[in-house]
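I have placed the structure first, in the form of structure tokens, so that the comments after it can refer back to it.
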Amino acid sequence: MKKAYLLLLALFLFSCSQPNRSSKEEAEIEGRIRKLISQMTLEEKLGQMSQFDPGQFRGDQDLKQAIKDGKVGSILNLVGAKRINELQKVAVEESRLGIPIIIGRDVIHGFRTIMPIPLGMAAAWNPELTEKAMAVAAKEAASEGVHWTFAPMIDISRDPRWGRIAESCGEDTYLASRLAVAMVKGFQGDDPSNVDRIAACAKHFVGYGAAEGGRDYNTAYIPETQLRNDYLPPFKAAKEAGVLTFMSGFNDLNGVPVSGNEFTLKTILRNEWGFNGMVVSDWASIYEMIAHGYAADPKEAAEKALRAGVDMEMTSNCYVSGVQQLLDEGKLNMQTIDRYVANILRVKFQLGLFEHPYTDETRAEKTILCPEHLEVAKEAASESFVLLQNNHQILPLSSNMKSVAVIGPLADAPHDQMGTWVFDGKKENTVTPLVALRQKLGEQRVNFAKGLAVSRTRTTEGFAEAIQAARKSDVALLFLGEESILSGEAHCLANLDLQGAQNDLLDAVAATGKPVVAVIMAGRPLTIGHVLEKADAVLYAWAPGTMGGPALAEMLLGETVPSGKTPVTFLKTVGEVPLYYNHKNTGRPADYSNWTYLDDIPVEAGQVSLGNTSHYLDAGFEPLFPFGFGLSYTSFAYSDLRLSTGSMPVDGSIDFSVTIENTGKYKGSEVVQLYIRDRVGSITRPVKELKGFKKISLEPGEKQQVTIRLNANDLAFFNGTNYVVEPGWFDVWVGPHSNEGLHAEFSIR
Ligand code: NOJ
């Protein structure tokens, strides 16, 4: 047992600062905030603390009057520079104090140029590209008057039944943390007041992804050790990256709804992390504390949310209706309200809204869907694709091929290809695989038959045409998966197989004997064991966005090479949920020598003869694909793992170097991944944890030494009492995915 602990809590405290402002500027802003607050009536303060959907007003006049009266601090779900300027003019020029409105919008994975869904972006394992993609989203949204996006969504998601896994970075804390930083930087840049930038919002604080049963909005039970080690770090990383706002979520966490949760919002976010930005509730999540059974009425809901520290209420009006009475009853004081108003005004200052409240109405036309943005979208889509199977190297398709069959409900589905949570993307701007393949190969070489109208279609009447298309082609490309509406908020599934008659369509096409390539577009990792059996190659394409078609056509034809890696574990069957790579061990870890497959169990076998280890009789213990997995058209050899030292002090570091060689025929990129295991801890530690990765590109035959540095601090964890780095022995693996790698060991002394 290790004895020496290094207390790291201090490192986690009070490290807040906005990177781009001098302390003089900050002091000046604080002075202006104080002055404004001293002039405000309670009604105006509550106005700042309220966010409205335009639909909540009886019409334009009603909305404008409310703005004029200082009752509207923020509006969501409004886009268009002209309209927003019109309303902003009322706020700035006609309201008593001229405080600008902040306009929020769900700009989740693009504005008009739609990038892959966040889970797809995560599969690219490329923080620089993610940052670039979110910068595009910010620029387009800003050109249409949006000031603030409700992204990044950085909920750790280990349950593919949960529809919102699509919006997440997947199951891993380290990957999500790196991408959280990239997204915050992409949206906000170094200076969020720049006209091309918008404020980001780290959501949903916290634990939303742990919804029981994968049913949206459901209760989450997360012990504090797991909360701090697995769920909070991406939020901490976003805060460190300077995210201006946080959103409190819908869920009940350990018995307390997170929009009224003093432990997470006050103790952790404000006191430990020193966050001085704004916290907005999720849509009516304060009011919903009544349904949770945590507040008797709107007034009590307001009291609990205010105690916890939610500055702005999204769409419900518990604050407006309850605060005066809470003040009268002495349950709340004006200083608290003033502090919250200050948090809101601070963000408005940081965005430069007082200096430039209006949007240049000519910018959108030059910005939206411009060629550079489409190029980024294509690159992002391309890097998000994960090649899961490629028997006989069927991909890339041979250039001698005379014709291809393009089949399936997702082959030409411009709306569904954009994925979930898209409000501003338009299907007429989306290029589908069918269109892109026709452009590349010529109409006459593409035999198209949908086979099924949409992913849920059960009738087989389109099969004959699909079979015919396959028969007259050299290869059948099947575009299967999920319509966009099958993932996202409140779109959870209990069955993760392909919907409708898609597996039957695959069987029918495969029965022609033609080689089959399955491209799966989906918002989650589906259970695709059957597809792997029937198709020669399987390329997982998530919902790839506006430029998904061209990116897929290029990859299928070998102009680009797959480099994506799974950001989530793929399951064989839904009954395995939750199955994630960085689980704890048991006292009886599963292994093959101790496992008998269901069908092989002798009749009337004795209880102990099957091996008493942690597994399923029918599904074993290994996933369909491990976290971090993805093939390429080329191959990479890992060799020569070296450590700069075998032992580091608690404040030291070790460089891990490995040589990667491209041993195949194509230029390609590889995500080199570093995992560790802390062998013995004061609490049990996961069997593996990702602690570093680098994506590199190599020409055929090229070798490169890749070095990843690990600080002892990176191995800190919360042990129930403190954040500690514990001396002792660690395993390290550097490899192509979580289940393979060169191994070494090191120690912390
Ligand atoms: C509810 C969702 O949970 C949240 O993510 C979103 O930002 C808001 N609605 C606003 O649309």
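The chains in the structure tokens are called A, B, ... from first to last as shown; in each chain the residues are counted from 1, and the ligands are counted from 1 in the order shown.
Taking only C-alpha atoms and all ligand atoms into account, ligand 1 has within 9 Å the residues Leu76, Asn77, Gly104, Arg105, Asp106, Val107, Ile108, Thr149, Phe150, Ala151, Met153, Cys201, Lys203, His204, Tyr217, Met247, Gly249, Phe250, Ser281, Asp282, Trp283, Ala284, Ser285, Met314, Trp421 and Glu489 of chain A.
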For region 357-465 of chain A versus region 527-532 of chain A, which residues have an atom no more than 10 Å away, and what is each residue's nearest atom pair and distance in Å rounded to one decimal, using only C-alpha atoms, chain-then-number order, as CSV?
residue,atom,partner,partner_atom,distance
A:Leu388,CA,A:Leu532,CA,8.6
A:Gln389,CA,A:Leu532,CA,7.2
A:Asn390,CA,A:Leu532,CA,9.7
A:Asn391,CA,A:Leu532,CA,9.8
Legend entry - Contacts of region 701-709 of chain A within 9 Å, only C-alpha atoms, excl. fewer than 2 positions in-chain, as a list in words: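 Returned residues: Ser653, Ile654, Asp655, Phe656, Ser657, Val658, Thr659, Ile660, Glu661, Asn662, Thr663, Gly664, Lys665, Lys667, Val672, Leu674, Gly692, Phe693, Lys694, Ile696, Leu698, Glu699 and Asn711 of chain A.
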Export N, CA and C atoms of the chosen residues as a JSON list (two decimals), in the first residue's frame?
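Output saved as result21.json:
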[["chain", "number", "residue", "atom", "x", "y", "z"],
["A", 653, "SER", "N", 8.37, 14.15, -14.47],
["A", 653, "SER", "CA", 7.70, 13.72, -15.71],
["A", 653, "SER", "C", 8.54, 12.64, -16.39],
["A", 654, "ILE", "N", 7.90, 11.93, -17.28],
["A", 654, "ILE", "CA", 8.61, 10.92, -18.09],
["A", 654, "ILE", "C", 8.20, 11.13, -19.55],
["A", 655, "ASP", "N", 9.19, 11.04, -20.43],
["A", 655, "ASP", "CA", 8.88, 11.05, -21.87],
["A", 655, "ASP", "C", 8.82, 9.61, -22.36],
["A", 656, "PHE", "N", 7.74, 9.28, -23.02],
["A", 656, "PHE", "CA", 7.58, 7.95, -23.60],
["A", 656, "PHE", "C", 7.74, 8.09, -25.12],
["A", 657, "SER", "N", 8.74, 7.40, -25.66],
["A", 657, "SER", "CA", 8.96, 7.51, -27.11],
["A", 657, "SER", "C", 8.73, 6.16, -27.75],
["A", 658, "VAL", "N", 8.19, 6.21, -28.94],
["A", 658, "VAL", "CA", 7.94, 4.97, -29.65],
["A", 658, "VAL", "C", 8.18, 5.25, -31.14],
["A", 659, "THR", "N", 8.61, 4.23, -31.84],
["A", 659, "THR", "CA", 8.82, 4.42, -33.28],
["A", 659, "THR", "C", 7.64, 3.84, -34.04],
["A", 660, "ILE", "N", 7.09, 4.63, -34.93],
["A", 660, "ILE", "CA", 5.96, 4.18, -35.75],
["A", 660, "ILE", "C", 6.43, 4.16, -37.19],
["A", 661, "GLU", "N", 6.15, 3.04, -37.85],
["A", 661, "GLU", "CA", 6.53, 2.96, -39.26],
["A", 661, "GLU", "C", 5.30, 2.66, -40.11],
["A", 662, "ASN", "N", 5.17, 3.39, -41.19],
["A", 662, "ASN", "CA", 4.09, 3.09, -42.13],
["A", 662, "ASN", "C", 4.57, 1.93, -42.99],
["A", 663, "THR", "N", 4.01, 0.74, -42.74],
["A", 663, "THR", "CA", 4.49, -0.46, -43.43],
["A", 663, "THR", "C", 3.60, -0.83, -44.62],
["A", 664, "GLY", "N", 2.66, 0.03, -44.95],
["A", 664, "GLY", "CA", 1.77, -0.29, -46.06],
["A", 664, "GLY", "C", 2.04, 0.56, -47.28],
["A", 665, "LYS", "N", 1.04, 0.63, -48.15],
["A", 665, "LYS", "CA", 1.27, 1.27, -49.45],
["A", 665, "LYS", "C", 0.70, 2.68, -49.56],
["A", 667, "LYS", "N", -0.14, 6.63, -48.02],
["A", 667, "LYS", "CA", 0.15, 7.65, -47.02],
["A", 667, "LYS", "C", -1.04, 7.65, -46.05],
["A", 672, "VAL", "N", -1.58, 7.66, -32.22],
["A", 672, "VAL", "CA", -0.74, 6.91, -31.28],
["A", 672, "VAL", "C", -1.28, 7.18, -29.88],
["A", 674, "LEU", "N", -1.56, 6.51, -25.65],
["A", 674, "LEU", "CA", -0.81, 6.10, -24.46],
["A", 674, "LEU", "C", -1.79, 5.84, -23.30],
["A", 692, "GLY", "N", -2.65, 10.18, -23.04],
["A", 692, "GLY", "CA", -2.01, 11.00, -24.07],
["A", 692, "GLY", "C", -2.25, 10.39, -25.43],
["A", 693, "PHE", "N", -2.23, 11.21, -26.47],
["A", 693, "PHE", "CA", -2.28, 10.69, -27.85],
["A", 693, "PHE", "C", -1.72, 11.73, -28.80],
["A", 694, "LYS", "N", -1.25, 11.23, -29.93],
["A", 694, "LYS", "CA", -0.80, 12.15, -30.99],
["A", 694, "LYS", "C", -1.22, 11.56, -32.31],
["A", 696, "ILE", "N", -0.39, 11.40, -36.15],
["A", 696, "ILE", "CA", 0.72, 11.73, -37.05],
["A", 696, "ILE", "C", 0.41, 11.20, -38.45],
["A", 698, "LEU", "N", 2.15, 9.71, -42.02],
["A", 698, "LEU", "CA", 3.38, 9.10, -42.53],
["A", 698, "LEU", "C", 3.22, 8.66, -43.99],
["A", 699, "GLU", "N", 4.28, 8.89, -44.76],
["A", 699, "GLU", "CA", 4.34, 8.37, -46.13],
["A", 699, "GLU", "C", 4.63, 6.87, -46.05],
["A", 711, "ASN", "N", 3.31, 13.96, -17.05],
["A", 711, "ASN", "CA", 3.72, 14.51, -15.76],
["A", 711, "ASN", "C", 3.10, 13.65, -14.66]]
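Restricting the calculation to only C-alpha atoms, the smallest distance between Thr264 (chain A) and any of A:Phe205, A:Leu327, A:Thr420, A:Ala210 is found for A:Phe205.
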Legend entry - Shell of 12 Å around Gly55 (chain A), only C-alpha atoms, local chain residues under 4 positions omitted, as an MDAnalysis selection string: chainID A and resid 51 59:60 62:63 75:78 315
Keeping all heavy atoms, export the residues of the selection given above as a PDB file, in the first residue's frame.
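Final output, part-v2.pdb:
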ATOM      1  N   GLN A  51     -33.867  34.437 -19.541  1.00  0.00           N
ATOM      2  CA  GLN A  51     -33.670  34.174 -20.970  1.00  0.00           C
ATOM      3  C   GLN A  51     -34.984  33.670 -21.556  1.00  0.00           C
ATOM      4  O   GLN A  51     -35.622  32.784 -20.981  1.00  0.00           O
ATOM      5  CB  GLN A  51     -32.596  33.113 -21.158  1.00  0.00           C
ATOM      6  CG  GLN A  51     -32.315  32.817 -22.619  1.00  0.00           C
ATOM      7  CD  GLN A  51     -31.212  31.792 -22.774  1.00  0.00           C
ATOM      8  OE1 GLN A  51     -31.347  30.662 -22.332  1.00  0.00           O
ATOM      9  NE2 GLN A  51     -30.122  32.188 -23.412  1.00  0.00           N
ATOM     10  N   GLY A  59     -46.289  38.443 -29.420  1.00  0.00           N
ATOM     11  CA  GLY A  59     -46.016  38.976 -30.753  1.00  0.00           C
ATOM     12  C   GLY A  59     -44.873  39.966 -30.659  1.00  0.00           C
ATOM     13  O   GLY A  59     -44.298  40.191 -29.580  1.00  0.00           O
ATOM     14  N   ASP A  60     -44.572  40.566 -31.798  1.00  0.00           N
ATOM     15  CA  ASP A  60     -43.418  41.459 -31.892  1.00  0.00           C
ATOM     16  C   ASP A  60     -43.515  42.641 -30.918  1.00  0.00           C
ATOM     17  O   ASP A  60     -42.540  42.982 -30.242  1.00  0.00           O
ATOM     18  CB  ASP A  60     -43.328  41.949 -33.351  1.00  0.00           C
ATOM     19  CG  ASP A  60     -42.041  42.685 -33.595  1.00  0.00           C
ATOM     20  OD1 ASP A  60     -40.985  42.127 -33.251  1.00  0.00           O
ATOM     21  OD2 ASP A  60     -42.099  43.825 -34.105  1.00  0.00           O
ATOM     22  N   ASP A  62     -45.188  42.940 -28.163  1.00  0.00           N
ATOM     23  CA  ASP A  62     -45.059  42.464 -26.782  1.00  0.00           C
ATOM     24  C   ASP A  62     -43.581  42.242 -26.434  1.00  0.00           C
ATOM     25  O   ASP A  62     -43.086  42.669 -25.371  1.00  0.00           O
ATOM     26  CB  ASP A  62     -45.847  41.141 -26.699  1.00  0.00           C
ATOM     27  CG  ASP A  62     -46.008  40.657 -25.274  1.00  0.00           C
ATOM     28  OD1 ASP A  62     -46.002  41.511 -24.369  1.00  0.00           O
ATOM     29  OD2 ASP A  62     -46.120  39.430 -25.073  1.00  0.00           O
ATOM     30  N   LEU A  63     -42.867  41.598 -27.357  1.00  0.00           N
ATOM     31  CA  LEU A  63     -41.437  41.324 -27.143  1.00  0.00           C
ATOM     32  C   LEU A  63     -40.661  42.634 -27.034  1.00  0.00           C
ATOM     33  O   LEU A  63     -39.854  42.836 -26.111  1.00  0.00           O
ATOM     34  CB  LEU A  63     -40.912  40.448 -28.299  1.00  0.00           C
ATOM     35  CG  LEU A  63     -39.404  40.254 -28.430  1.00  0.00           C
ATOM     36  CD1 LEU A  63     -38.819  39.599 -27.177  1.00  0.00           C
ATOM     37  CD2 LEU A  63     -39.075  39.351 -29.637  1.00  0.00           C
ATOM     38  N   ILE A  75     -32.082  36.243 -25.214  1.00  0.00           N
ATOM     39  CA  ILE A  75     -33.068  35.518 -26.029  1.00  0.00           C
ATOM     40  C   ILE A  75     -32.353  34.327 -26.634  1.00  0.00           C
ATOM     41  O   ILE A  75     -31.181  34.422 -27.030  1.00  0.00           O
ATOM     42  CB  ILE A  75     -33.624  36.415 -27.162  1.00  0.00           C
ATOM     43  CG1 ILE A  75     -34.312  37.650 -26.564  1.00  0.00           C
ATOM     44  CG2 ILE A  75     -34.589  35.657 -28.049  1.00  0.00           C
ATOM     45  CD1 ILE A  75     -34.844  38.637 -27.588  1.00  0.00           C
ATOM     46  N   LEU A  76     -33.047  33.190 -26.713  1.00  0.00           N
ATOM     47  CA  LEU A  76     -32.478  32.058 -27.443  1.00  0.00           C
ATOM     48  C   LEU A  76     -33.393  31.716 -28.607  1.00  0.00           C
ATOM     49  O   LEU A  76     -34.528  32.199 -28.683  1.00  0.00           O
ATOM     50  CB  LEU A  76     -32.252  30.855 -26.536  1.00  0.00           C
ATOM     51  CG  LEU A  76     -33.386  29.875 -26.211  1.00  0.00           C
ATOM     52  CD1 LEU A  76     -32.810  28.603 -25.652  1.00  0.00           C
ATOM     53  CD2 LEU A  76     -34.394  30.468 -25.273  1.00  0.00           C
ATOM     54  N   ASN A  77     -32.850  30.938 -29.505  1.00  0.00           N
ATOM     55  CA  ASN A  77     -33.606  30.501 -30.677  1.00  0.00           C
ATOM     56  C   ASN A  77     -34.035  31.640 -31.584  1.00  0.00           C
ATOM     57  O   ASN A  77     -35.167  31.678 -32.060  1.00  0.00           O
ATOM     58  CB  ASN A  77     -34.834  29.679 -30.255  1.00  0.00           C
ATOM     59  CG  ASN A  77     -34.408  28.352 -29.676  1.00  0.00           C
ATOM     60  OD1 ASN A  77     -33.281  27.928 -29.897  1.00  0.00           O
ATOM     61  ND2 ASN A  77     -35.283  27.713 -28.936  1.00  0.00           N
ATOM     62  N   LEU A  78     -33.137  32.549 -31.786  1.00  0.00           N
ATOM     63  CA  LEU A  78     -33.399  33.654 -32.703  1.00  0.00           C
ATOM     64  C   LEU A  78     -32.141  33.791 -33.555  1.00  0.00           C
ATOM     65  O   LEU A  78     -31.044  33.826 -33.015  1.00  0.00           O
ATOM     66  CB  LEU A  78     -33.603  34.929 -31.874  1.00  0.00           C
ATOM     67  CG  LEU A  78     -34.074  36.173 -32.604  1.00  0.00           C
ATOM     68  CD1 LEU A  78     -35.524  35.986 -33.044  1.00  0.00           C
ATOM     69  CD2 LEU A  78     -33.982  37.383 -31.675  1.00  0.00           C
ATOM     70  N   THR A 315     -35.984  30.198 -19.966  1.00  0.00           N
ATOM     71  CA  THR A 315     -37.416  30.083 -20.340  1.00  0.00           C
ATOM     72  C   THR A 315     -38.473  29.969 -19.227  1.00  0.00           C
ATOM     73  O   THR A 315     -39.585  30.400 -19.433  1.00  0.00           O
ATOM     74  CB  THR A 315     -37.679  28.947 -21.355  1.00  0.00           C
ATOM     75  OG1 THR A 315     -37.442  27.697 -20.732  1.00  0.00           O
ATOM     76  CG2 THR A 315     -36.840  29.099 -22.607  1.00  0.00           C
TER      77      THR A 315
END
Inset, instruction - Determine, counting only C-alpha atoms, which protein, DNA and RNA residues have an atom within 9 Å of an atom of Gly425 (chain A); residues of the same chain fewer than 5 positions away are not included. Present the result as a PyMOL selection string. - result: chain A and resi 110-114+415+418+430+545-546
Legend entry - Best match for closeness to Leu643 (chain A) among A:Glu745, A:Glu167, A:Glu30, A:Glu329, counting only C-alpha atoms: A:Glu745
Inset, instruction - Please identify which residues in region 129-275 of chain A DSSP calls helix (DSSP H, G or I) from the backbone, and express them as a VMD selection string. - result: chain A and resid 129 to 143 163 to 167 173 to 188 208 to 210 212 to 214 224 to 231 233 to 240 258 to 260 262 to 272
Inset, instruction - Tell me which protein, DNA and RNA residues are within 9 Å of Pro567 (chain A), counting only C-alpha atoms, leaving out same-chain ones fewer than 4 positions away, and put them as a list in words. - result: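 The neighbour list is Leu119, Gly120, Ala122, Ala123, Ala124, Trp125, Cys169, Gly170, Glu171, Asp172, Leu175, Phe627, Gly628 and Phe629 of chain A.
DSSP on the backbone gives strand (DSSP E or B) for these parts of region 431-497 of chain A: Val446, Asn447, Phe448, Ala449, Val475, Ala476, Leu477, Leu478, Phe479, Leu480 and Gly481 of chain A.
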Please produce a file of those selected residues containing N, CA and C atoms, as a PDB file, in the first residue's frame.
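For reference, result-v3.pdb as written:
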ATOM      1  N   VAL A 446     -22.919   4.609 -61.865  1.00  0.00           N
ATOM      2  CA  VAL A 446     -23.550   4.478 -60.544  1.00  0.00           C
ATOM      3  C   VAL A 446     -24.970   3.932 -60.699  1.00  0.00           C
ATOM      4  N   ASN A 447     -25.205   2.765 -60.151  1.00  0.00           N
ATOM      5  CA  ASN A 447     -26.550   2.181 -60.194  1.00  0.00           C
ATOM      6  C   ASN A 447     -27.207   2.366 -58.833  1.00  0.00           C
ATOM      7  N   PHE A 448     -28.160   3.259 -58.766  1.00  0.00           N
ATOM      8  CA  PHE A 448     -28.746   3.633 -57.480  1.00  0.00           C
ATOM      9  C   PHE A 448     -30.092   2.967 -57.248  1.00  0.00           C
ATOM     10  N   ALA A 449     -30.248   2.421 -56.065  1.00  0.00           N
ATOM     11  CA  ALA A 449     -31.560   1.907 -55.637  1.00  0.00           C
ATOM     12  C   ALA A 449     -31.608   2.037 -54.122  1.00  0.00           C
ATOM     13  N   VAL A 475     -19.461  -3.822 -57.412  1.00  0.00           N
ATOM     14  CA  VAL A 475     -19.459  -3.797 -55.959  1.00  0.00           C
ATOM     15  C   VAL A 475     -20.735  -3.104 -55.486  1.00  0.00           C
ATOM     16  N   ALA A 476     -21.221  -3.522 -54.319  1.00  0.00           N
ATOM     17  CA  ALA A 476     -22.410  -2.857 -53.762  1.00  0.00           C
ATOM     18  C   ALA A 476     -21.999  -2.023 -52.565  1.00  0.00           C
ATOM     19  N   LEU A 477     -22.307  -0.738 -52.623  1.00  0.00           N
ATOM     20  CA  LEU A 477     -22.057   0.153 -51.488  1.00  0.00           C
ATOM     21  C   LEU A 477     -23.388   0.353 -50.776  1.00  0.00           C
ATOM     22  N   LEU A 478     -23.451  -0.080 -49.541  1.00  0.00           N
ATOM     23  CA  LEU A 478     -24.711   0.024 -48.792  1.00  0.00           C
ATOM     24  C   LEU A 478     -24.613   1.104 -47.734  1.00  0.00           C
ATOM     25  N   PHE A 479     -25.480   2.082 -47.824  1.00  0.00           N
ATOM     26  CA  PHE A 479     -25.461   3.176 -46.857  1.00  0.00           C
ATOM     27  C   PHE A 479     -26.594   2.952 -45.859  1.00  0.00           C
ATOM     28  N   LEU A 480     -26.226   2.462 -44.698  1.00  0.00           N
ATOM     29  CA  LEU A 480     -27.208   2.068 -43.685  1.00  0.00           C
ATOM     30  C   LEU A 480     -27.038   2.945 -42.453  1.00  0.00           C
ATOM     31  N   GLY A 481     -27.914   2.758 -41.471  1.00  0.00           N
ATOM     32  CA  GLY A 481     -27.724   3.488 -40.213  1.00  0.00           C
ATOM     33  C   GLY A 481     -29.011   3.999 -39.618  1.00  0.00           C
TER      34      GLY A 481
END
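Neighbouring residues of Asp196 (chain A) at 10 Å or closer, counting only C-alpha atoms and skipping chain neighbours under 2 positions away, are Ala135, Val136, Ala137, Ala138, Lys139, Glu140, Ala141, Ala142, Ser143, His147, Phe187, Gln188, Gly189, Asp191, Pro192, Ser193, Asn194, Ile198, Arg363 and Thr367 of chain A.
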Next, the residues of the selection above should be written as a JSON list (two decimals), in the first residue's frame with N, CA, C and O atoms.
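Saved to part_15.json:
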[["chain", "number", "residue", "atom", "x", "y", "z"],
["A", 135, "ALA", "N", -14.42, 26.96, -34.90],
["A", 135, "ALA", "CA", -14.18, 28.35, -35.29],
["A", 135, "ALA", "C", -15.05, 28.71, -36.51],
["A", 135, "ALA", "O", -15.58, 29.82, -36.61],
["A", 136, "VAL", "N", -15.20, 27.75, -37.40],
["A", 136, "VAL", "CA", -16.08, 27.96, -38.55],
["A", 136, "VAL", "C", -17.52, 28.16, -38.07],
["A", 136, "VAL", "O", -18.23, 29.09, -38.49],
["A", 137, "ALA", "N", -17.94, 27.29, -37.15],
["A", 137, "ALA", "CA", -19.30, 27.40, -36.61],
["A", 137, "ALA", "C", -19.50, 28.76, -35.96],
["A", 137, "ALA", "O", -20.54, 29.42, -36.15],
["A", 138, "ALA", "N", -18.51, 29.19, -35.19],
["A", 138, "ALA", "CA", -18.61, 30.48, -34.49],
["A", 138, "ALA", "C", -18.73, 31.62, -35.49],
["A", 138, "ALA", "O", -19.57, 32.52, -35.35],
["A", 139, "LYS", "N", -17.90, 31.58, -36.51],
["A", 139, "LYS", "CA", -17.87, 32.68, -37.48],
["A", 139, "LYS", "C", -19.21, 32.80, -38.22],
["A", 139, "LYS", "O", -19.75, 33.89, -38.40],
["A", 140, "GLU", "N", -19.73, 31.65, -38.61],
["A", 140, "GLU", "CA", -21.01, 31.69, -39.33],
["A", 140, "GLU", "C", -22.14, 32.17, -38.41],
["A", 140, "GLU", "O", -22.96, 32.99, -38.80],
["A", 141, "ALA", "N", -22.15, 31.62, -37.19],
["A", 141, "ALA", "CA", -23.22, 32.00, -36.25],
["A", 141, "ALA", "C", -23.12, 33.49, -35.92],
["A", 141, "ALA", "O", -24.13, 34.21, -35.89],
["A", 142, "ALA", "N", -21.91, 33.96, -35.68],
["A", 142, "ALA", "CA", -21.71, 35.37, -35.33],
["A", 142, "ALA", "C", -22.18, 36.27, -36.47],
["A", 142, "ALA", "O", -22.75, 37.34, -36.24],
["A", 143, "SER", "N", -21.97, 35.82, -37.69],
["A", 143, "SER", "CA", -22.37, 36.66, -38.83],
["A", 143, "SER", "C", -23.89, 36.79, -38.90],
["A", 143, "SER", "O", -24.41, 37.68, -39.55],
["A", 147, "HIS", "N", -24.54, 35.42, -30.34],
["A", 147, "HIS", "CA", -23.42, 35.81, -29.47],
["A", 147, "HIS", "C", -22.88, 34.66, -28.65],
["A", 147, "HIS", "O", -21.83, 34.76, -28.04],
["A", 187, "PHE", "N", -14.66, 28.19, -30.44],
["A", 187, "PHE", "CA", -15.79, 29.14, -30.38],
["A", 187, "PHE", "C", -15.31, 30.53, -29.94],
["A", 187, "PHE", "O", -15.66, 31.53, -30.54],
["A", 188, "GLN", "N", -14.52, 30.57, -28.91],
["A", 188, "GLN", "CA", -14.20, 31.86, -28.28],
["A", 188, "GLN", "C", -12.91, 32.51, -28.80],
["A", 188, "GLN", "O", -12.72, 33.71, -28.65],
["A", 189, "GLY", "N", -12.01, 31.70, -29.38],
["A", 189, "GLY", "CA", -10.71, 32.23, -29.78],
["A", 189, "GLY", "C", -9.96, 32.78, -28.58],
["A", 189, "GLY", "O", -10.28, 32.48, -27.43],
["A", 191, "ASP", "N", -9.89, 35.93, -27.97],
["A", 191, "ASP", "CA", -10.65, 37.09, -27.52],
["A", 191, "ASP", "C", -12.10, 36.94, -27.98],
["A", 191, "ASP", "O", -12.42, 37.13, -29.15],
["A", 192, "PRO", "N", -12.98, 36.56, -27.07],
["A", 192, "PRO", "CA", -14.37, 36.32, -27.47],
["A", 192, "PRO", "C", -15.08, 37.57, -27.99],
["A", 192, "PRO", "O", -16.16, 37.46, -28.59],
["A", 193, "SER", "N", -14.47, 38.75, -27.79],
["A", 193, "SER", "CA", -15.14, 39.95, -28.30],
["A", 193, "SER", "C", -14.85, 40.17, -29.79],
["A", 193, "SER", "O", -15.44, 41.04, -30.43],
["A", 194, "ASN", "N", -13.96, 39.35, -30.35],
["A", 194, "ASN", "CA", -13.70, 39.42, -31.79],
["A", 194, "ASN", "C", -15.01, 39.14, -32.55],
["A", 194, "ASN", "O", -15.77, 38.26, -32.14],
["A", 198, "ILE", "N", -17.80, 33.67, -30.59],
["A", 198, "ILE", "CA", -18.98, 33.69, -29.73],
["A", 198, "ILE", "C", -18.61, 33.04, -28.39],
["A", 198, "ILE", "O", -17.61, 32.33, -28.30],
["A", 363, "ARG", "N", -22.16, 40.59, -43.47],
["A", 363, "ARG", "CA", -21.14, 39.56, -43.25],
["A", 363, "ARG", "C", -21.61, 38.14, -43.57],
["A", 363, "ARG", "O", -20.86, 37.32, -44.07],
["A", 367, "THR", "N", -19.77, 34.89, -45.50],
["A", 367, "THR", "CA", -19.21, 33.92, -44.56],
["A", 367, "THR", "C", -19.82, 32.53, -44.70],
["A", 367, "THR", "O", -19.11, 31.52, -44.72]]
Per residue of region 100-119 of chain A within 10 Å of region 334-347 of chain A, record the nearest atom pair and its distance in Å to one decimal, counting only C-alpha atoms, with rows in chain order and ascending residue number, as JSON lines.
{"residue": "A:Pro100", "atom": "CA", "partner": "A:Leu345", "partner_atom": "CA", "distance": 9.3}
{"residue": "A:Ile101", "atom": "CA", "partner": "A:Leu345", "partner_atom": "CA", "distance": 9.9}
{"residue": "A:Ile102", "atom": "CA", "partner": "A:Val347", "partner_atom": "CA", "distance": 8.9}
